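S.K.: Contents of protein.txt (compact mmCIF, C-alpha atoms) are given next:
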```
# COMPACT_ATOMS: atom_id res chain seq x y z
CA MET W 254 -43.32 8.76 59.61
CA ASN W 255 -46.84 10.00 60.14
CA GLY W 256 -49.92 8.30 58.83
CA LEU W 257 -53.48 9.57 58.91
CA PRO W 258 -52.75 13.26 59.75
CA VAL W 259 -50.48 13.67 56.70
CA ALA W 260 -52.87 11.77 54.42
CA ALA W 261 -55.84 13.84 55.61
CA THR W 262 -53.88 17.07 55.11
CA GLY W 263 -52.95 15.89 51.63
CA VAL W 264 -56.61 15.21 50.79
CA LEU W 265 -57.56 18.74 51.89
CA ALA W 266 -54.64 20.39 50.07
CA PHE W 267 -55.15 18.56 46.76
CA THR W 268 -58.93 18.96 46.94
CA ALA W 269 -58.52 22.72 47.43
CA LEU W 270 -56.11 22.83 44.49
CA PHE W 271 -58.58 20.81 42.41
CA ALA W 272 -61.42 23.20 43.30
CA PHE W 273 -59.31 26.18 42.21
CA ASN W 274 -58.29 24.51 38.94
CA TRP W 275 -61.86 23.42 38.25
CA SER W 276 -63.18 26.95 38.79
CA ARG W 277 -60.78 28.15 36.09
CA ALA W 278 -61.19 25.32 33.55
CA LYS W 279 -64.51 23.49 34.13
CA SER W 280 -63.09 20.47 32.31
CA TRP W 281 -61.73 17.13 33.49
CA LEU W 282 -59.42 17.12 30.48
CA ASP W 283 -57.59 20.23 31.67
CA PRO W 284 -54.08 19.10 32.78
CA ALA W 285 -54.25 21.02 36.08
CA VAL W 286 -57.65 19.52 36.90
CA ALA W 287 -56.48 16.02 35.91
CA ILE W 288 -53.35 16.07 38.05
CA SER W 289 -54.95 17.58 41.16
CA SER W 290 -57.95 15.23 41.08
CA THR W 291 -55.67 12.20 40.63
CA TRP W 292 -53.56 13.15 43.64
CA ALA W 293 -56.60 13.99 45.76
CA LEU W 294 -58.10 10.54 45.09
CA THR W 295 -54.76 8.83 45.76
CA PHE W 296 -54.39 10.52 49.16
CA LEU W 297 -58.02 9.72 49.96
CA PHE W 298 -57.16 6.06 49.41
CA LEU W 299 -54.07 6.48 51.61
CA ALA W 300 -56.22 7.94 54.39
CA MET W 301 -58.54 4.91 54.15
CA ALA W 302 -55.77 2.31 53.92
CA GLY W 303 -55.28 2.12 57.66
CA GLY W 304 -52.07 0.49 58.80
CA GLN W 305 -51.44 -1.63 55.72
CA LEU W 306 -49.04 0.93 54.24
CA TYR W 307 -46.40 3.16 55.75
CA GLY W 308 -47.41 6.80 56.11
CA VAL W 309 -46.18 9.68 53.98
CA SER W 310 -43.85 12.15 55.69
CA TRP W 311 -44.56 15.87 56.01
CA THR W 312 -41.49 16.61 53.90
CA ALA W 313 -42.77 14.44 51.06
CA LEU W 314 -46.20 16.09 51.28
CA LEU W 315 -44.58 19.53 51.05
CA ILE W 316 -42.78 18.46 47.86
CA TYR W 317 -45.99 17.05 46.37
CA VAL W 318 -48.10 20.11 47.13
CA SER W 319 -45.39 22.52 45.94
CA GLY W 320 -44.91 20.56 42.71
CA LEU W 321 -48.62 20.42 41.88
CA ALA W 322 -49.08 24.11 42.73
CA MET W 323 -46.26 25.04 40.34
CA PHE W 324 -47.65 22.73 37.66
CA SER W 325 -51.08 24.37 37.99
CA LEU W 326 -49.49 27.81 37.70
CA GLY W 327 -47.61 26.65 34.60
CA VAL W 328 -50.86 25.42 33.04
CA LEU W 329 -52.47 28.83 33.57
CA LEU W 330 -49.49 30.56 31.97
CA GLY W 331 -49.35 28.07 29.10
CA LYS W 332 -53.04 28.47 28.28
CA GLY W 333 -52.51 32.22 28.12
CA ILE W 334 -50.11 31.95 25.18
CA PRO W 335 -51.89 33.40 22.10
CA LEU W 336 -53.03 30.97 19.42
CA HIS W 337 -54.76 31.14 16.07
CA ALA W 338 -58.53 31.18 16.33
CA ARG W 339 -59.01 29.05 13.22
CA LYS W 340 -60.28 25.54 13.84
CA SER W 341 -59.51 22.68 11.51
CA SER W 342 -61.05 19.27 11.06
CA THR W 343 -58.73 16.31 11.53
CA TYR W 344 -60.69 13.89 9.37
CA GLY W 345 -62.31 13.65 5.98
CA TYR W 346 -59.33 13.04 3.68
CA ARG W 347 -59.60 10.11 1.29
CA SER W 348 -55.86 9.49 1.60
CA ASP W 349 -56.42 8.69 5.30
CA HIS W 350 -58.21 5.52 4.22
CA VAL W 351 -55.11 4.31 2.38
CA ILE W 352 -52.85 5.18 5.34
CA LEU W 353 -55.01 3.26 7.80
CA TRP W 354 -55.17 0.22 5.53
CA LEU W 355 -51.36 0.24 5.33
CA PHE W 356 -51.15 0.32 9.14
CA PHE W 357 -53.64 -2.53 9.43
CA LEU W 358 -51.83 -4.74 6.90
CA VAL W 359 -48.38 -4.10 8.41
CA LEU W 360 -49.62 -4.93 11.91
CA LEU W 361 -51.50 -8.01 10.72
CA LEU W 362 -48.53 -9.35 8.75
CA GLY W 363 -46.23 -8.57 11.66
CA VAL W 364 -48.07 -10.79 14.15
CA PRO W 365 -46.26 -14.06 13.28
CA PHE W 366 -42.88 -12.29 13.31
CA TYR W 367 -43.54 -10.80 16.75
CA LEU W 368 -44.80 -14.13 18.06
CA ALA W 369 -41.55 -15.73 16.89
CA TYR W 370 -39.63 -12.99 18.70
CA ILE W 371 -41.60 -13.57 21.92
CA ARG W 372 -41.02 -17.32 21.77
CA GLN W 373 -37.36 -16.83 22.60
CA PHE W 374 -38.47 -15.96 26.13
CA THR W 375 -41.11 -18.63 26.73
CA SER W 376 -42.50 -21.85 25.29
CA ALA W 377 -45.64 -21.72 27.44
CA ALA W 378 -49.11 -21.67 25.89
CA LEU W 379 -50.18 -18.27 24.58
CA PHE W 380 -51.66 -16.05 27.33
CA SER W 381 -51.25 -18.75 29.97
CA PRO W 382 -50.02 -17.73 33.46
CA ALA W 383 -46.50 -18.95 32.65
CA PHE W 384 -46.54 -17.07 29.33
CA PHE W 385 -47.21 -13.71 31.02
CA LEU W 386 -44.60 -14.25 33.72
CA GLU W 387 -41.78 -15.58 31.54
CA THR W 388 -42.34 -13.12 28.71
CA ARG W 389 -42.28 -10.14 31.04
CA GLN W 390 -39.15 -11.36 32.77
CA GLY W 391 -37.44 -11.94 29.42
CA LEU W 392 -38.30 -8.50 28.06
CA LEU W 393 -37.15 -6.77 31.25
CA ALA W 394 -33.88 -8.71 31.22
CA GLN W 395 -33.29 -7.66 27.61
CA ALA W 396 -34.05 -4.02 28.49
CA ARG W 397 -31.50 -4.10 31.29
CA GLU W 398 -28.79 -5.01 28.80
CA LEU W 399 -29.28 -1.55 27.20
CA VAL W 400 -28.76 -2.86 23.68
CA ARG W 401 -30.56 -1.71 20.56
CA GLU W 402 -33.98 -3.31 20.31
CA PRO W 403 -34.65 -5.51 17.28
CA LEU W 404 -36.71 -3.95 14.51
CA VAL W 405 -39.63 -6.32 15.15
CA ASN W 406 -40.00 -4.89 18.66
CA ASN W 407 -41.09 -1.58 17.12
CA LEU W 408 -44.32 -3.28 16.07
CA VAL W 409 -45.67 -2.71 19.59
CA THR W 410 -44.99 1.02 19.39
CA LEU W 411 -46.30 1.14 15.82
CA SER W 412 -49.54 -0.57 16.88
CA SER W 413 -50.18 2.12 19.51
CA ILE W 414 -49.34 4.89 17.04
CA ALA W 415 -51.71 3.36 14.46
CA ALA W 416 -54.54 3.10 16.99
CA LEU W 417 -54.15 6.72 18.12
CA LEU W 418 -53.97 7.97 14.54
CA ALA W 419 -57.01 5.89 13.56
CA PHE W 420 -59.04 7.56 16.32
CA ALA W 421 -57.77 11.04 15.49
CA LEU W 422 -58.21 10.72 11.72
CA THR W 423 -61.75 9.32 11.79
CA GLU W 424 -63.38 11.17 14.68
CA SER W 425 -63.00 8.19 16.97
CA GLY W 426 -64.23 5.67 14.42
CA ARG W 427 -67.26 7.46 13.00
CA ARG W 428 -65.87 6.63 9.56
CA TRP W 429 -64.48 3.24 8.53
CA ARG W 430 -65.59 1.68 11.84
CA LEU W 431 -64.50 -1.88 11.08
CA LEU W 432 -61.05 -0.78 9.93
CA VAL W 433 -60.54 1.36 13.02
CA ALA W 434 -61.79 -1.45 15.27
CA GLY W 435 -59.36 -3.87 13.61
CA ILE W 436 -56.38 -1.55 14.17
CA VAL W 437 -57.30 -0.92 17.81
CA ALA W 438 -57.83 -4.65 18.43
CA LEU W 439 -54.40 -5.42 16.96
CA ALA W 440 -52.84 -2.73 19.17
CA PHE W 441 -54.27 -4.34 22.31
CA PHE W 442 -53.23 -7.79 21.06
CA TYR W 443 -49.63 -6.62 20.70
CA SER W 444 -49.81 -5.06 24.15
CA LEU W 445 -51.00 -8.35 25.65
CA LEU W 446 -48.15 -10.17 23.91
CA THR W 447 -45.69 -7.98 25.84
CA ALA W 448 -47.30 -9.23 29.10
CA SER W 449 -47.51 -5.64 30.34
CA ASN W 450 -50.29 -3.26 31.26
CA ALA W 451 -49.33 -0.81 28.50
CA GLY W 452 -52.80 -1.24 27.05
CA VAL W 453 -54.15 0.77 29.99
CA GLY W 454 -52.15 3.79 28.83
CA LEU W 455 -53.38 3.33 25.27
CA LEU W 456 -56.99 3.23 26.51
CA VAL W 457 -56.55 6.50 28.42
CA MET W 458 -54.95 8.22 25.41
CA LEU W 459 -57.72 7.02 23.08
CA PHE W 460 -60.24 8.33 25.56
CA ALA W 461 -58.47 11.72 25.66
CA ILE W 462 -58.68 12.00 21.86
CA TYR W 463 -62.35 10.94 21.93
CA SER W 464 -63.14 13.61 24.52
CA LEU W 465 -61.16 16.35 22.75
CA GLN W 466 -63.09 15.74 19.56
CA ARG W 467 -66.38 16.19 21.42
CA GLY W 468 -65.23 19.09 23.56
CA ARG W 469 -66.37 17.40 26.75
CA LEU W 470 -65.88 14.31 28.91
CA PRO W 471 -68.58 11.77 27.90
CA LYS W 472 -69.73 10.04 31.10
CA LEU W 473 -70.77 6.79 29.39
CA ALA W 474 -67.42 6.57 27.60
CA LEU W 475 -65.63 7.25 30.91
CA LEU W 476 -67.45 4.36 32.60
CA LEU W 477 -66.61 2.12 29.65
CA VAL W 478 -62.92 3.06 29.80
CA LEU W 479 -62.76 2.48 33.56
CA GLY W 480 -64.36 -0.92 33.07
CA LEU W 481 -61.91 -1.82 30.30
CA VAL W 482 -58.97 -0.64 32.42
CA VAL W 483 -60.03 -2.97 35.22
CA VAL W 484 -60.52 -5.85 32.80
CA PHE W 485 -57.29 -5.21 30.91
CA PHE W 486 -55.26 -4.82 34.10
CA GLY W 487 -56.95 -7.89 35.54
CA VAL W 488 -56.21 -10.17 32.59
CA VAL W 489 -52.47 -9.73 32.97
CA ALA W 490 -52.33 -9.32 36.74
CA VAL W 491 -54.56 -12.28 37.57
CA GLN W 492 -52.61 -14.53 35.22
CA ARG W 493 -49.35 -13.43 36.82
CA ALA W 494 -50.80 -14.11 40.28
CA LEU W 495 -51.82 -17.60 39.19
CA SER W 496 -48.34 -18.23 37.75
CA LEU W 497 -46.70 -17.37 41.05
CA GLY W 498 -48.60 -20.15 42.81
CA GLY W 499 -48.02 -20.23 46.56
CA ASP W 500 -51.15 -19.51 48.58
CA ILE W 501 -53.08 -18.56 45.45
CA GLY W 502 -54.72 -21.78 44.43
CA SER W 503 -57.88 -20.68 42.65
CA PHE W 504 -59.02 -18.08 40.18
CA ALA W 505 -61.18 -16.35 42.82
CA ALA W 506 -58.21 -16.11 45.18
CA ALA W 507 -56.12 -14.71 42.33
CA VAL W 508 -58.75 -12.04 41.62
CA HIS W 509 -58.84 -11.06 45.29
CA ALA W 510 -55.05 -10.89 45.41
CA THR W 511 -55.02 -8.79 42.24
CA LEU W 512 -57.53 -6.26 43.59
CA GLU W 513 -55.51 -5.98 46.78
CA GLN W 514 -52.34 -5.55 44.74
CA LEU W 515 -54.00 -2.83 42.63
CA GLY W 516 -54.91 -0.89 45.77
CA HIS W 517 -51.37 -1.12 47.07
CA TYR W 518 -49.99 -0.15 43.68
CA LEU W 519 -52.14 3.00 43.53
CA ALA W 520 -50.57 4.28 46.75
CA SER W 521 -47.08 2.85 46.25
CA GLY W 522 -45.65 5.93 44.50
CA PRO W 523 -46.27 8.59 47.17
CA VAL W 524 -45.29 6.16 49.95
CA GLY W 525 -42.23 4.91 48.06
CA PHE W 526 -40.91 8.42 47.46
CA SER W 527 -41.40 9.21 51.13
CA VAL W 528 -39.40 6.10 52.04
CA TYR W 529 -36.69 7.23 49.61
CA LEU W 530 -36.49 10.64 51.34
CA ASP W 531 -35.91 8.89 54.66
CA HIS W 532 -33.27 6.53 53.21
CA PRO W 533 -31.92 8.04 49.96
CA GLN W 534 -28.90 5.75 49.93
CA SER W 535 -31.17 2.72 49.54
CA VAL W 536 -32.51 3.76 46.12
CA PRO W 537 -30.07 4.97 43.44
CA ALA W 538 -31.57 7.86 41.46
CA VAL W 539 -31.89 6.30 37.99
CA TRP W 540 -34.69 8.47 36.55
CA SER W 541 -32.66 11.29 35.09
CA PRO W 542 -34.89 13.81 33.25
CA TRP W 543 -32.22 13.93 30.54
CA ARG W 544 -32.28 10.18 29.93
CA PHE W 545 -33.70 10.43 26.40
CA PHE W 546 -31.03 12.88 25.29
CA GLU W 547 -28.24 10.85 26.88
CA ARG W 548 -29.37 7.60 25.26
CA THR W 549 -29.74 9.35 21.91
CA ALA W 550 -26.18 10.67 22.18
CA ASN W 551 -24.95 7.19 23.09
CA TYR W 552 -26.14 5.87 19.72
CA PHE W 553 -23.20 7.78 18.25
CA GLY W 554 -20.70 6.85 20.95
CA HIS W 555 -20.37 6.10 24.67
CA TYR W 556 -20.70 9.56 26.16
CA PHE W 557 -22.97 8.98 29.15
CA ASP W 558 -23.47 6.29 31.75
CA VAL W 559 -27.21 5.55 31.45
CA PRO W 560 -28.35 3.11 34.15
CA ASP W 561 -31.29 0.75 33.91
CA SER W 562 -34.49 2.76 34.44
CA ASN W 563 -36.02 0.10 36.69
CA ALA W 564 -35.49 1.54 40.16
CA ALA W 565 -34.70 -0.53 43.25
CA PHE W 566 -37.53 -1.90 45.37
CA VAL W 567 -38.33 -0.57 48.86
CA GLN W 568 -40.70 -1.76 51.53
CA ILE W 569 -43.86 0.39 51.73
CA GLY W 570 -45.70 -1.82 54.21
CA ASP W 571 -45.47 -5.18 55.93
CA GLY W 572 -44.29 -7.57 53.24
CA LEU W 573 -45.01 -5.04 50.46
CA TYR W 574 -42.17 -4.10 48.10
CA TYR W 575 -42.59 -1.74 45.15
CA ASN W 576 -40.40 0.44 42.92
CA THR W 577 -42.72 3.32 42.02
CA TYR W 578 -41.67 6.74 43.35
CA THR W 579 -43.89 9.38 41.64
CA ALA W 580 -42.65 11.79 38.98
CA PHE W 581 -40.74 13.73 41.65
CA PHE W 582 -38.13 10.99 41.84
CA SER W 583 -36.87 12.27 38.49
CA TYR W 584 -36.47 15.90 39.60
CA PHE W 585 -35.78 15.97 43.34
CA PRO W 586 -32.63 13.78 43.73
CA PRO W 587 -30.43 15.86 41.38
CA TYR W 588 -32.02 19.31 41.81
CA GLY W 589 -33.89 19.45 45.12
CA LEU W 590 -37.09 21.37 45.84
CA PHE W 591 -36.21 24.25 43.50
CA GLY W 592 -35.64 21.73 40.72
CA VAL W 593 -39.08 20.23 41.38
CA ALA W 594 -40.63 23.69 41.18
CA GLY W 595 -38.78 24.55 37.97
CA PHE W 596 -39.54 21.31 36.14
CA MET W 597 -43.20 21.25 37.20
CA LEU W 598 -43.69 24.89 36.21
CA ALA W 599 -42.14 24.28 32.77
CA LEU W 600 -44.04 21.04 32.17
CA GLY W 601 -47.27 22.69 33.30
CA GLY W 602 -46.67 25.52 30.84
CA ILE W 603 -46.12 23.06 28.01
CA ALA W 604 -49.19 21.00 28.99
CA GLY W 605 -51.38 24.12 29.16
CA ALA W 606 -50.22 25.43 25.78
CA VAL W 607 -50.64 22.04 24.09
CA TYR W 608 -54.09 21.58 25.64
CA ARG W 609 -55.34 24.91 24.25
CA ARG W 610 -54.18 23.94 20.77
CA ALA W 611 -55.52 20.39 21.07
CA GLN W 612 -58.97 21.87 21.68
CA GLN W 613 -58.82 23.12 18.08
CA ARG W 614 -58.83 19.43 17.04
CA ARG W 615 -55.61 19.67 15.07
CA LEU W 616 -53.98 16.32 14.52
CA LEU W 617 -50.47 16.84 15.93
CA TRP W 618 -51.68 18.77 18.97
CA MET W 619 -54.38 16.22 19.83
CA LEU W 620 -51.93 13.34 19.66
CA LEU W 621 -49.32 15.22 21.69
CA TYR W 622 -51.85 16.15 24.36
CA ALA W 623 -53.14 12.58 24.60
CA SER W 624 -49.58 11.52 25.49
CA ILE W 625 -49.21 14.40 27.96
CA PHE W 626 -52.59 13.61 29.55
CA TRP W 627 -51.46 10.04 30.24
CA GLY W 628 -48.17 11.34 31.68
CA VAL W 629 -50.10 13.71 33.97
CA VAL W 630 -52.41 10.97 35.25
CA VAL W 631 -49.54 8.63 36.14
CA THR W 632 -47.41 11.22 37.98
CA ILE W 633 -48.46 9.32 41.12
CA PHE W 634 -46.39 6.38 39.83
CA SER W 635 -43.59 7.61 37.61
CA GLU W 636 -42.28 10.29 35.27
CA SER W 637 -43.90 9.61 31.92
CA LEU W 638 -43.35 12.99 30.31
CA LEU W 639 -39.63 13.60 29.80
CA LEU W 640 -38.85 9.90 30.22
CA ALA W 641 -41.42 9.09 27.53
CA LEU W 642 -39.97 11.39 24.87
CA ASN W 643 -38.92 8.43 22.71
CA PRO W 644 -42.43 7.07 22.02
CA ILE W 645 -43.90 10.59 21.95
CA LEU W 646 -41.48 11.71 19.24
CA LYS W 647 -42.12 8.54 17.24
CA LEU W 648 -45.85 9.25 17.41
CA LEU W 649 -45.38 12.86 16.29
CA THR W 650 -42.99 11.85 13.49
CA VAL W 651 -45.52 9.46 11.98
CA ALA W 652 -48.32 12.00 12.43
CA ALA W 653 -46.20 14.71 10.78
CA ALA W 654 -45.65 12.38 7.81
CA VAL W 655 -49.43 12.00 7.53
CA VAL W 656 -49.84 15.79 7.57
CA VAL W 657 -47.20 16.17 4.84
CA LEU W 658 -48.95 13.56 2.67
CA ARG W 659 -52.22 15.41 3.11
CA ARG W 660 -50.67 18.71 2.04
CA LEU W 661 -49.02 17.13 -0.98
CA ARG W 662 -52.38 15.70 -2.02
CA PHE W 663 -54.03 19.09 -1.51
CA ARG W 664 -51.42 20.85 -3.65
CA HIS W 665 -51.74 18.18 -6.33
CA GLY W 666 -55.50 18.72 -6.40
CA ALA W 667 -55.08 22.50 -6.54
CA THR W 668 -52.63 22.18 -9.45
CA ASN W 669 -55.01 19.98 -11.42
CA ALA W 670 -57.83 22.43 -10.81
CA ALA W 671 -55.69 25.32 -12.03
CA VAL W 672 -54.71 23.43 -15.19
CA ALA W 673 -58.32 22.55 -15.93
CA GLU W 674 -59.36 26.16 -15.45
CA SER W 675 -56.65 27.45 -17.82
CA ARG W 676 -57.70 24.99 -20.51
CA SER W 677 -61.29 26.07 -20.27
```
Show this structure as structure tokens.
M.R.:
Amino acid sequence: MNGLPVAATGVLAFTALFAFNWSRAKSWLDPAVAISSTWALTFLFLAMAGGQLYGVSWTALLIYVSGLAMFSLGVLLGKGIPLHARKSSTYGYRSDHVILWLFFLVLLLGVPFYLAYIRQFTSAALFSPAFFLETRQGLLAQARELVREPLVNNLVTLSSIAALLAFALTESGRRWRLLVAGIVALAFFYSLLTASNAGVGLLVMLFAIYSLQRGRLPKLALLLVLGLVVVFFGVVAVQRALSLGGDIGSFAAAVHATLEQLGHYLASGPVGFSVYLDHPQSVPAVWSPWRFFERTANYFGHYFDVPDSNAAFVQIGDGLYYNTYTAFFSYFPPYGLFGVAGFMLALGGIAGAVYRRAQQRRLLWMLLYASIFWGVVVTIFSESLLLALNPILKLLTVAAAVVVLRRLRFRHGATNAAVAESRS
């Protein structure tokens, strides 16, 4: 493996791709700009990491650059698909108030039921170091059993859906501020109860909706989100570090260990995939892009062997073991470089087309793009586009129901108006 030369070449390549994408879009929300800037920053960190991490191979870099170039081309093609010029507001319906109150009450009433569900994994004090560690281990063990999740577990997904809808329906809380704040707070509370960093993804998606509604990337809001991401990641990660004990004996030492871990985690995907390319037999390819469809089919019978999606760990540096392999780990093992090009081109086309329509501030398109935007940002870690179809479709299903209720209300109002006019 090579170190600094490959990392420096990656910085130049991704920066050049970013400059090209920026010249075409002039927006940080553009999917091509988002993905190229994320990879450029990641490789800049790799170049500065010194000898702490293994280097990325030239072969891996070729795959990364080819994939991002095809994704950027797909975005250009997708944005060129014609669309209706009409813009529509996503807020202002009185029925939205009722919908949001229903979400709030369901989530609030569901808290004790979800706490009871969590207590089967741990008896530790709520949000203590042991609570985070034992709860996460219990949930992962249950996921590995590949059984149907209990209904109460859908409260976590519902809380995220409610928060995203609350932002989209009220122009990021300009109306019914306290209600929206309550829903978002409950969403983050549920996320903390899972002892995961899923709240980081929710923050990024809320920020995407906020920015789409304003047609720009608000700098103050960006700084606030980055600060909240650090805090939210730190709450869980520091507590886990404290629960592991060992050489970490104080809170300050735990914070230092967490920051160091975050740095390693940011670079673990590109390095991990490079390690996989050198030793493919050491990491079974468990991230099939068709996983959602296979699992859906298995609800009606045992048609496909769907392995646990948690990939094996590999060493990416002295004493450092991670299991993140970038989004390319989903496409390259079964289909090679041409598969990477094909998938990235198609996904780029979808992202570009959805982004153009999301700029019209239409509810379904904004919510879909917020999910895609998060998937684009985390391509350095994992595939969160095709592998995230389950939560994305749940989000769109609930949003579509809201749209249908709005149209029914509109037709009802139109009918009443027609009747009143005929009587007059």
S.K.: Give the answer as one residue: which of W:His532, W:Arg389, W:Arg544, W:Arg467 has the shortest atom-to-atom distance to Leu639 of chain W, using only C-alpha atoms?
M.R.: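 Closest candidate: W:Arg544.
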S.K.: Please provide as a CSV table (one decimal) with C-alpha atoms, in the coordinates of the input all residues within 7 Å of Val328 of chain W, with the sequence filter that same-chain residues fewer than 3 positions apart are discarded (counting only C-alpha atoms).
M.R.:
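And here is the file that came out, selection-v2.csv:
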```csv
chain,number,residue,atom,x,y,z
W,285,ALA,CA,-54.2,21.0,36.1
W,324,PHE,CA,-47.6,22.7,37.7
W,325,SER,CA,-51.1,24.4,38.0
W,331,GLY,CA,-49.4,28.1,29.1
W,332,LYS,CA,-53.0,28.5,28.3
W,601,GLY,CA,-47.3,22.7,33.3
W,602,GLY,CA,-46.7,25.5,30.8
W,604,ALA,CA,-49.2,21.0,29.0
W,605,GLY,CA,-51.4,24.1,29.2
```
S.K.: Could you give me, as a PyMOL selection string, the residues within 9 Å of Val259 of chain W, counting only C-alpha atoms and dropping anything in the same chain fewer than 5 positions from it?
M.R.: chain W and resi 264+300+308-311+314
S.K.: May I have the residues within 8 Å of Gln612 of chain W as a PyMOL selection string, using only C-alpha atoms and disregarding those fewer than 3 positions away in the same chain?
M.R.: chain W and resi 465-466+468+608-609+615+619
S.K.: Could you give me, as an mmCIF file with C-alpha atoms, in the coordinates of the input, the residues within 10 Å of Trp543 of chain W, counting all atoms listed in the file and dropping anything in the same chain fewer than 6 positions from it?
M.R.:
```cif
data_model
loop_
_atom_site.group_PDB
_atom_site.id
_atom_site.type_symbol
_atom_site.label_atom_id
_atom_site.label_comp_id
_atom_site.auth_asym_id
_atom_site.auth_seq_id
_atom_site.Cartn_x
_atom_site.Cartn_y
_atom_site.Cartn_z
ATOM 1 C CA VAL W 559 -27.210 5.550 31.450
ATOM 2 C CA SER W 583 -36.870 12.270 38.490
ATOM 3 C CA LEU W 639 -39.630 13.600 29.800
ATOM 4 C CA LEU W 640 -38.850 9.900 30.220
ATOM 5 C CA LEU W 642 -39.970 11.390 24.870
#
```
S.K.: Using all atoms listed in the file, can you tell me which of W:Val539, W:Ile645, W:Leu417, W:Ala302 comes closest to Phe441 of chain W?
M.R.: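 Distance minimum relative to Phe441 of chain W lands on W:Leu417.
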S.K.: Please provide as a compact mmCIF listing (two decimals) with C-alpha atoms, keeping the file's coordinate frame all residues within 8 Å of Phe380 of chain W, with the sequence filter that same-chain residues fewer than 4 positions apart are discarded (counting all atoms listed in the file).
M.R.:
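around-v4.txt, written as the output of this step:
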```txt
# COMPACT_ATOMS: atom_id res chain seq x y z
CA PHE W 384 -46.54 -17.07 29.33
CA PHE W 385 -47.21 -13.71 31.02
CA LEU W 445 -51.00 -8.35 25.65
CA LEU W 446 -48.15 -10.17 23.91
```
S.K.: Provide the atom CA of Tyr307 of chain W to atom CA of Gly570 of chain W distance in Å, to one decimal place.
M.R.: 5.3 Å
S.K.: To one decimal in Å, tell me the separation between atom CA of Gly525 of chain W and atom CA of Ala580 of chain W.
M.R.: 11.4 Å
S.K.: For Leu649 of chain W, which residue among W:Leu411, W:Glu547, W:Val631, W:Gly572 is the nearest when counting all atoms listed in the file?
M.R.: W:Leu411
S.K.: Between atom CA of Val286 of chain W and atom CA of Val630 of chain W, what is the spacing in Å?
M.R.: 10.2 Å
S.K.: Choose the residue, out of W:Ser624, W:Gln568, W:Ser381, W:Ser280, that has the smallest atom-to-atom separation from Leu459 of chain W; count only C-alpha atoms.
M.R.: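 The shortest atom-to-atom distance to Leu459 of chain W comes from W:Ser624.
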S.K.: Could you check which of W:Ala313, W:Ile436, W:Ala261, W:Ala550 is closest to Phe296 of chain W, using only C-alpha atoms?
M.R.: W:Ala261
S.K.: Of the candidates W:Leu360, W:Arg660, W:Tyr552, W:Leu638, which shows the shortest atom-to-atom distance to Ala599 of chain W, using all atoms listed in the file?
M.R.: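 Ranking W:Leu360, W:Arg660, W:Tyr552, W:Leu638 by distance to Ala599 of chain W, first place goes to W:Leu638.
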S.K.: Is it possible to get the residues within 12 Å of (-56.2, 17.1, 38.1) (coordinates as in the file, counting only C-alpha atoms) written as a ChimeraX atom specification?
M.R.: /W:267-275,278-295,321-322,324-325,328,601,626-633
